[in-house]
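The structure file work08.pdb is reproduced below (PDB, C-alpha atoms).
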ATOM      1  CA  ILE A   1      90.643 142.185 180.488
ATOM      2  CA  LEU A   2      92.973 144.986 181.598
ATOM      3  CA  GLY A   3      90.826 147.692 179.972
ATOM      4  CA  ILE A   4      87.577 146.321 181.391
ATOM      5  CA  GLU A   5      89.025 146.034 184.907
ATOM      6  CA  ILE A   6      90.612 149.513 184.916
ATOM      7  CA  ALA A   7      87.364 151.107 183.702
ATOM      8  CA  GLY A   8      85.320 148.987 186.115
ATOM      9  CA  GLY A   9      87.637 149.842 189.015
ATOM     10  CA  ILE A  10      87.429 153.578 188.327
ATOM     11  CA  TYR A  11      83.650 153.686 187.835
ATOM     12  CA  SER A  12      82.782 151.349 190.712
ATOM     13  CA  GLY A  13      85.284 152.882 193.152
ATOM     14  CA  SER A  14      86.670 149.384 193.829
ATOM     15  CA  LEU A  15      90.361 149.174 194.674
ATOM     16  CA  ALA A  16      90.159 145.360 194.503
ATOM     17  CA  LEU A  17      89.243 145.613 190.797
ATOM     18  CA  LEU A  18      92.112 148.052 190.190
ATOM     19  CA  ALA A  19      94.464 145.729 192.117
ATOM     20  CA  ASP A  20      93.295 142.846 189.932
ATOM     21  CA  ALA A  21      93.941 145.017 186.868
ATOM     22  CA  GLY A  22      97.438 145.750 188.238
ATOM     23  CA  HIS A  23      98.059 142.021 188.487
ATOM     24  CA  VAL A  24      96.860 141.498 184.896
ATOM     25  CA  LEU A  25      99.159 144.355 183.819
ATOM     26  CA  ALA A  26     102.135 142.772 185.631
ATOM     27  CA  ASP A  27     101.402 139.421 183.949
ATOM     28  CA  SER A  28     101.125 141.030 180.505
ATOM     29  CA  VAL A  29     104.379 142.935 180.958
ATOM     30  CA  ALA A  30     106.036 139.736 182.260
ATOM     31  CA  THR A  31     105.020 137.980 179.038
ATOM     32  CA  ILE A  32     106.386 140.830 176.895
ATOM     33  CA  ILE A  33     109.672 140.854 178.864
ATOM     34  CA  SER A  34     109.948 137.045 178.496
ATOM     35  CA  ILE A  35     109.484 137.280 174.716
ATOM     36  CA  PHE A  36     112.029 140.127 174.561
ATOM     37  CA  VAL A  37     114.566 138.153 176.664
ATOM     38  CA  ALA A  38     114.025 135.000 174.562
ATOM     39  CA  THR A  39     114.695 137.031 171.390
ATOM     40  CA  LEU A  40     117.889 138.519 172.869
ATOM     41  CA  VAL A  41     119.054 135.072 174.052
ATOM     42  CA  LYS A  42     118.716 133.741 170.480
ATOM     43  CA  LYS A  43     120.954 136.571 169.242
ATOM     44  CA  THR A  44     123.565 136.253 172.014
ATOM     45  CA  PRO A  45     123.350 132.767 173.594
ATOM     46  CA  SER A  46     126.531 133.404 175.617
ATOM     47  CA  GLN A  47     124.666 136.055 177.631
ATOM     48  CA  GLU A  48     121.640 133.847 178.417
ATOM     49  CA  LYS A  49     122.063 133.701 182.190
ATOM     50  CA  ARG A  50     122.605 137.475 182.500
ATOM     51  CA  LEU A  51     119.674 138.288 180.185
ATOM     52  CA  ARG A  52     117.245 135.938 181.963
ATOM     53  CA  SER A  53     118.349 137.338 185.300
ATOM     54  CA  TRP A  54     117.753 140.881 184.006
ATOM     55  CA  GLY A  55     114.258 139.883 182.823
ATOM     56  CA  GLY A  56     113.492 138.400 186.225
ATOM     57  CA  TYR A  57     114.622 141.573 188.019
ATOM     58  CA  ALA A  58     112.517 143.756 185.706
ATOM     59  CA  ASN A  59     109.396 141.647 186.370
ATOM     60  CA  ALA A  60     110.049 141.523 190.124
ATOM     61  CA  THR A  61     110.490 145.317 190.298
ATOM     62  CA  LEU A  62     107.199 145.939 188.489
ATOM     63  CA  LEU A  63     105.327 143.489 190.745
ATOM     64  CA  LEU A  64     106.775 145.066 193.885
ATOM     65  CA  ALA A  65     105.975 148.625 192.738
ATOM     66  CA  LEU A  66     102.350 147.664 192.010
ATOM     67  CA  ALA A  67     102.077 145.798 195.337
ATOM     68  CA  LEU A  68     103.318 148.866 197.231
ATOM     69  CA  TRP A  69     100.911 151.176 195.388
ATOM     70  CA  ILE A  70      97.937 148.880 196.092
ATOM     71  CA  GLY A  71      99.015 148.459 199.737
ATOM     72  CA  VAL A  72      99.331 152.210 200.388
ATOM     73  CA  GLU A  73      96.032 152.941 198.612
ATOM     74  CA  ALA A  74      94.274 150.196 200.641
ATOM     75  CA  LEU A  75      95.622 151.568 203.945
ATOM     76  CA  LEU A  76      94.445 155.082 203.005
ATOM     77  CA  ARG A  77      90.957 153.698 202.344
ATOM     78  CA  PHE A  78      90.666 152.271 205.854
ATOM     79  CA  SER A  79      90.704 155.800 207.269
ATOM     80  CA  ASN A  80      88.871 157.325 204.313
ATOM     81  CA  PRO A  81      86.374 154.724 202.993
ATOM     82  CA  ARG A  82      85.173 155.026 199.419
ATOM     83  CA  GLU A  83      81.715 154.215 198.110
ATOM     84  CA  VAL A  84      81.805 150.986 196.075
ATOM     85  CA  VAL A  85      79.212 150.179 193.387
ATOM     86  CA  SER A  86      79.119 146.472 194.211
ATOM     87  CA  GLU A  87      76.855 145.476 191.286
ATOM     88  CA  LEU A  88      79.417 146.839 188.829
ATOM     89  CA  VAL A  89      82.241 145.052 190.701
ATOM     90  CA  VAL A  90      80.359 141.742 190.386
ATOM     91  CA  VAL A  91      79.665 142.221 186.661
ATOM     92  CA  VAL A  92      83.245 143.301 185.813
ATOM     93  CA  ALA A  93      84.874 140.560 187.929
ATOM     94  CA  PHE A  94      82.577 137.995 186.295
ATOM     95  CA  LEU A  95      83.564 139.277 182.835
ATOM     96  CA  GLY A  96      87.281 139.281 183.761
ATOM     97  CA  GLY A  97      87.060 135.751 185.146
ATOM     98  CA  GLY A  98      85.170 134.547 182.074
ATOM     99  CA  LEU A  99      87.800 136.025 179.762
ATOM    100  CA  ASN A 100      90.584 134.446 181.869
ATOM    101  CA  TRP A 101      88.882 131.063 181.559
ATOM    102  CA  TRP A 102      88.612 131.557 177.787
ATOM    103  CA  GLN A 103      92.318 132.514 177.640
ATOM    104  CA  HIS A 104      93.174 129.338 179.530
ATOM    105  CA  ARG A 105      91.083 127.194 177.125
ATOM    106  CA  ILE A 106      92.930 128.732 174.138
ATOM    107  CA  LEU A 107      96.306 128.094 175.786
ATOM    108  CA  GLU A 108      95.441 124.477 176.644
ATOM    109  CA  THR A 109      94.173 123.822 173.099
ATOM    110  CA  HIS A 110      97.112 125.371 171.254
ATOM    111  CA  GLY A 111     100.080 125.304 173.659
ATOM    112  CA  LYS A 112     103.085 123.004 173.941
ATOM    113  CA  HIS A 113     102.270 121.556 177.368
ATOM    114  CA  ASN A 114     105.738 120.370 178.319
ATOM    115  CA  HIS A 115     107.362 123.778 177.828
ATOM    116  CA  VAL A 116     108.239 125.810 180.930
ATOM    117  CA  THR A 117     106.949 129.023 179.307
ATOM    118  CA  HIS A 118     103.593 127.338 178.689
ATOM    119  CA  GLN A 119     103.449 126.305 182.357
ATOM    120  CA  ALA A 120     104.277 129.837 183.518
ATOM    121  CA  MET A 121     101.588 131.316 181.238
ATOM    122  CA  SER A 122      99.086 128.772 182.488
ATOM    123  CA  PHE A 123      99.822 129.692 186.126
ATOM    124  CA  HIS A 124      99.580 133.417 185.350
ATOM    125  CA  ILE A 125      96.164 132.988 183.729
ATOM    126  CA  MET A 126      94.832 130.673 186.451
ATOM    127  CA  SER A 127      95.976 133.018 189.224
ATOM    128  CA  ASP A 128      94.213 135.905 187.451
ATOM    129  CA  LEU A 129      91.090 133.739 187.204
ATOM    130  CA  TRP A 130      91.111 132.913 190.936
ATOM    131  CA  GLN A 131      91.751 136.547 191.768
ATOM    132  CA  SER A 132      88.705 137.546 189.681
ATOM    133  CA  VAL A 133      86.685 134.966 191.643
ATOM    134  CA  GLY A 134      87.926 136.613 194.862
ATOM    135  CA  VAL A 135      86.981 140.107 193.631
ATOM    136  CA  LEU A 136      83.579 138.707 192.584
ATOM    137  CA  ALA A 137      83.095 137.306 196.102
ATOM    138  CA  SER A 138      84.121 140.619 197.705
ATOM    139  CA  GLY A 139      81.606 142.416 195.442
ATOM    140  CA  PHE A 140      78.855 140.035 196.587
ATOM    141  CA  VAL A 141      79.776 140.530 200.266
ATOM    142  CA  ILE A 142      79.649 144.332 199.838
ATOM    143  CA  TYR A 143      76.309 144.034 198.012
ATOM    144  CA  LEU A 144      74.791 141.874 200.770
ATOM    145  CA  THR A 145      76.278 143.598 203.837
ATOM    146  CA  GLY A 146      77.171 147.111 202.684
ATOM    147  CA  LEU A 147      80.613 146.641 204.313
ATOM    148  CA  THR A 148      82.882 148.524 201.883
ATOM    149  CA  ILE A 149      85.876 147.718 204.138
ATOM    150  CA  VAL A 150      85.922 144.319 202.386
ATOM    151  CA  ASP A 151      87.312 146.092 199.282
ATOM    152  CA  PRO A 152      90.558 147.461 200.807
ATOM    153  CA  LEU A 153      90.919 144.266 202.882
ATOM    154  CA  PHE A 154      90.896 142.067 199.783
ATOM    155  CA  SER A 155      93.140 144.597 198.011
ATOM    156  CA  LEU A 156      95.696 144.253 200.829
ATOM    157  CA  TYR A 157      95.616 140.490 200.327
ATOM    158  CA  ILE A 158      96.307 140.919 196.585
ATOM    159  CA  ALA A 159      99.144 143.353 197.400
ATOM    160  CA  TYR A 160     100.625 140.851 199.876
ATOM    161  CA  ARG A 161     100.549 138.022 197.300
ATOM    162  CA  MET A 162     102.120 140.230 194.620
ATOM    163  CA  ALA A 163     104.888 141.365 197.004
ATOM    164  CA  LYS A 164     105.551 137.729 197.978
ATOM    165  CA  TRP A 165     105.850 136.640 194.307
ATOM    166  CA  SER A 166     108.081 139.643 193.653
ATOM    167  CA  LEU A 167     110.511 138.665 196.434
ATOM    168  CA  GLU A 168     110.551 135.031 195.231
ATOM    169  CA  LEU A 169     111.314 136.255 191.720
ATOM    170  CA  PHE A 170     114.139 138.499 193.018
ATOM    171  CA  GLN A 171     115.705 135.471 194.735
ATOM    172  CA  MET A 172     115.343 133.271 191.630
ATOM    173  CA  SER A 173     116.810 135.975 189.413
ATOM    174  CA  ARG A 174     119.779 136.281 191.744
ATOM    175  CA  SER A 175     120.373 132.530 191.620
ATOM    176  CA  GLY A 176     119.792 132.518 187.840
ATOM    177  CA  ASN A 177     116.811 130.194 188.065
ATOM    178  CA  GLU A 178     113.915 132.347 186.886
ATOM    179  CA  HIS A 179     112.130 129.472 185.124
ATOM    180  CA  ASN A 180     110.579 128.130 188.294
ATOM    181  CA  HIS A 181     108.812 131.402 189.056
ATOM    182  CA  HIS A 182     105.074 131.165 189.645
ATOM    183  CA  HIS A 183     104.872 127.487 190.473
ATOM    184  CA  GLY A 184     103.119 128.426 193.696
ATOM    185  CA  HIS A 185     101.209 131.143 191.887
ATOM    186  CA  HIS A 186      97.886 129.422 191.200
ATOM    187  CA  HIS A 187      96.892 128.431 194.736
TER     188      HIS A 187
END

Once more with this new file: its structure as structure tokens, please.
Amino acid sequence: ILGIEIAGGIYSGSLALLADAGHVLADSVATIISIFVATLVKKTPSQEKRLRSWGGYANATLLLALALWIGVEALLRFSNPREVVSELVVVVAFLGGGLNWWQHRILETHGKHNHVTHQAMSFHIMSDLWQSVGVLASGFVIYLTGLTIVDPLFSLYIAYRMAKWSLELFQMSRSGNEHNHHHGHHH
């Protein structure tokens, strides 16, 4: 999904697709960090709270950095609009959304549903799916109206959501309660 969206974002000129790819990247890295933290916790259970807090901070920092990059890039595009190949945006967003849905089906078929990690993964995937639907819609609007401003506008929205999640995650990491992260993530 990440590869398709990065390539699609570059070739179509769509920041919204690149922002979506950034979100997928943040989710993938979050999963890797979670696995890494879980492995470290098994080795040194006494350090669990500190390790989980560290993992939360690492994820929050990445999310915030991506949100800032997307935000700045979107603001630059308001004054310097880019051509957007809307047909390609629609195709790539549709593919990304389809793959997200497939991911979710796999998770629901094979996951342990009562586990907090399963819930977090489920929210990550569903939020990526809804974001792909949003990018798809923005591609359609650009195709129908020719208003490329829709692209940086939607990108700003993605950046805002990512920054909001990042700040929530910072707070949870500080209070040592990183498990609850992303419960509001799928709206």

Excluding same-chain residues fewer than 4 positions from segment 89-97 of chain A, what lies within 10 Å of it counting only C-alpha atoms, as an MDAnalysis selection string?
chainID A and resid 1:9 11:17 20:21 24 84:85 101:103 125:126 128:143

Just give me the gap between atom CA of Ile35 of chain A and atom CA of Gly22 of chain A in Å, one decimal is fine.
20.0 Å

Residues in the PyMOL selection byres ((chain A and resi 26) around 10), expressed as a PDB file with C-alpha atoms, keeping the file's coordinate frame:
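The resulting file, out.pdb, is shown below:
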ATOM      1  CA  ASP A  20      93.295 142.846 189.932  1.00  0.00           C
ATOM      2  CA  ALA A  21      93.941 145.017 186.868  1.00  0.00           C
ATOM      3  CA  GLY A  22      97.438 145.750 188.238  1.00  0.00           C
ATOM      4  CA  HIS A  23      98.059 142.021 188.487  1.00  0.00           C
ATOM      5  CA  VAL A  24      96.860 141.498 184.896  1.00  0.00           C
ATOM      6  CA  LEU A  25      99.159 144.355 183.819  1.00  0.00           C
ATOM      7  CA  ASP A  27     101.402 139.421 183.949  1.00  0.00           C
ATOM      8  CA  SER A  28     101.125 141.030 180.505  1.00  0.00           C
ATOM      9  CA  VAL A  29     104.379 142.935 180.958  1.00  0.00           C
ATOM     10  CA  ALA A  30     106.036 139.736 182.260  1.00  0.00           C
ATOM     11  CA  THR A  31     105.020 137.980 179.038  1.00  0.00           C
ATOM     12  CA  ILE A  32     106.386 140.830 176.895  1.00  0.00           C
ATOM     13  CA  ASN A  59     109.396 141.647 186.370  1.00  0.00           C
ATOM     14  CA  ALA A  60     110.049 141.523 190.124  1.00  0.00           C
ATOM     15  CA  THR A  61     110.490 145.317 190.298  1.00  0.00           C
ATOM     16  CA  LEU A  62     107.199 145.939 188.489  1.00  0.00           C
ATOM     17  CA  LEU A  63     105.327 143.489 190.745  1.00  0.00           C
ATOM     18  CA  LEU A  64     106.775 145.066 193.885  1.00  0.00           C
ATOM     19  CA  ALA A  65     105.975 148.625 192.738  1.00  0.00           C
ATOM     20  CA  LEU A  66     102.350 147.664 192.010  1.00  0.00           C
ATOM     21  CA  HIS A 124      99.580 133.417 185.350  1.00  0.00           C
ATOM     22  CA  MET A 162     102.120 140.230 194.620  1.00  0.00           C
TER      23      MET A 162
END

Extract, using all atoms listed in the file, all DNA, RNA and protein residues at most 9 Å from Ala38 of chain A, discarding same-chain residues fewer than 4 positions from it, and format them as a ChimeraX atom specification.
/A:33-34,42-43,48,51-52

Interatomic distance, atom CA of Gly55 of chain A to atom CA of Met121 of chain A (Å, one decimal):
15.4 Å

Provide the atom CA of Val150 of chain A to atom CA of Leu68 of chain A distance in Å, to one decimal place.
18.7 Å

Care to translate the PyMOL selection byres ((chain A and resi 72) around 12) into actual residues of this file, as a list in words?
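After applying the PyMOL selection byres ((chain A and resi 72) around 12), what remains is Leu15, Ala19, Ala65, Leu66, Ala67, Leu68, Trp69, Ile70, Gly71, Glu73, Ala74, Leu75, Leu76, Arg77, Phe78, Ser79, Pro152, Leu153, Ser155, Leu156, Ala159 and Tyr160 of chain A.
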
Picked residues, the PyMOL selection byres ((chain A and resi 173) around 10), as a PyMOL selection string:
chain A and resi 49-60+167-172+174-179+181
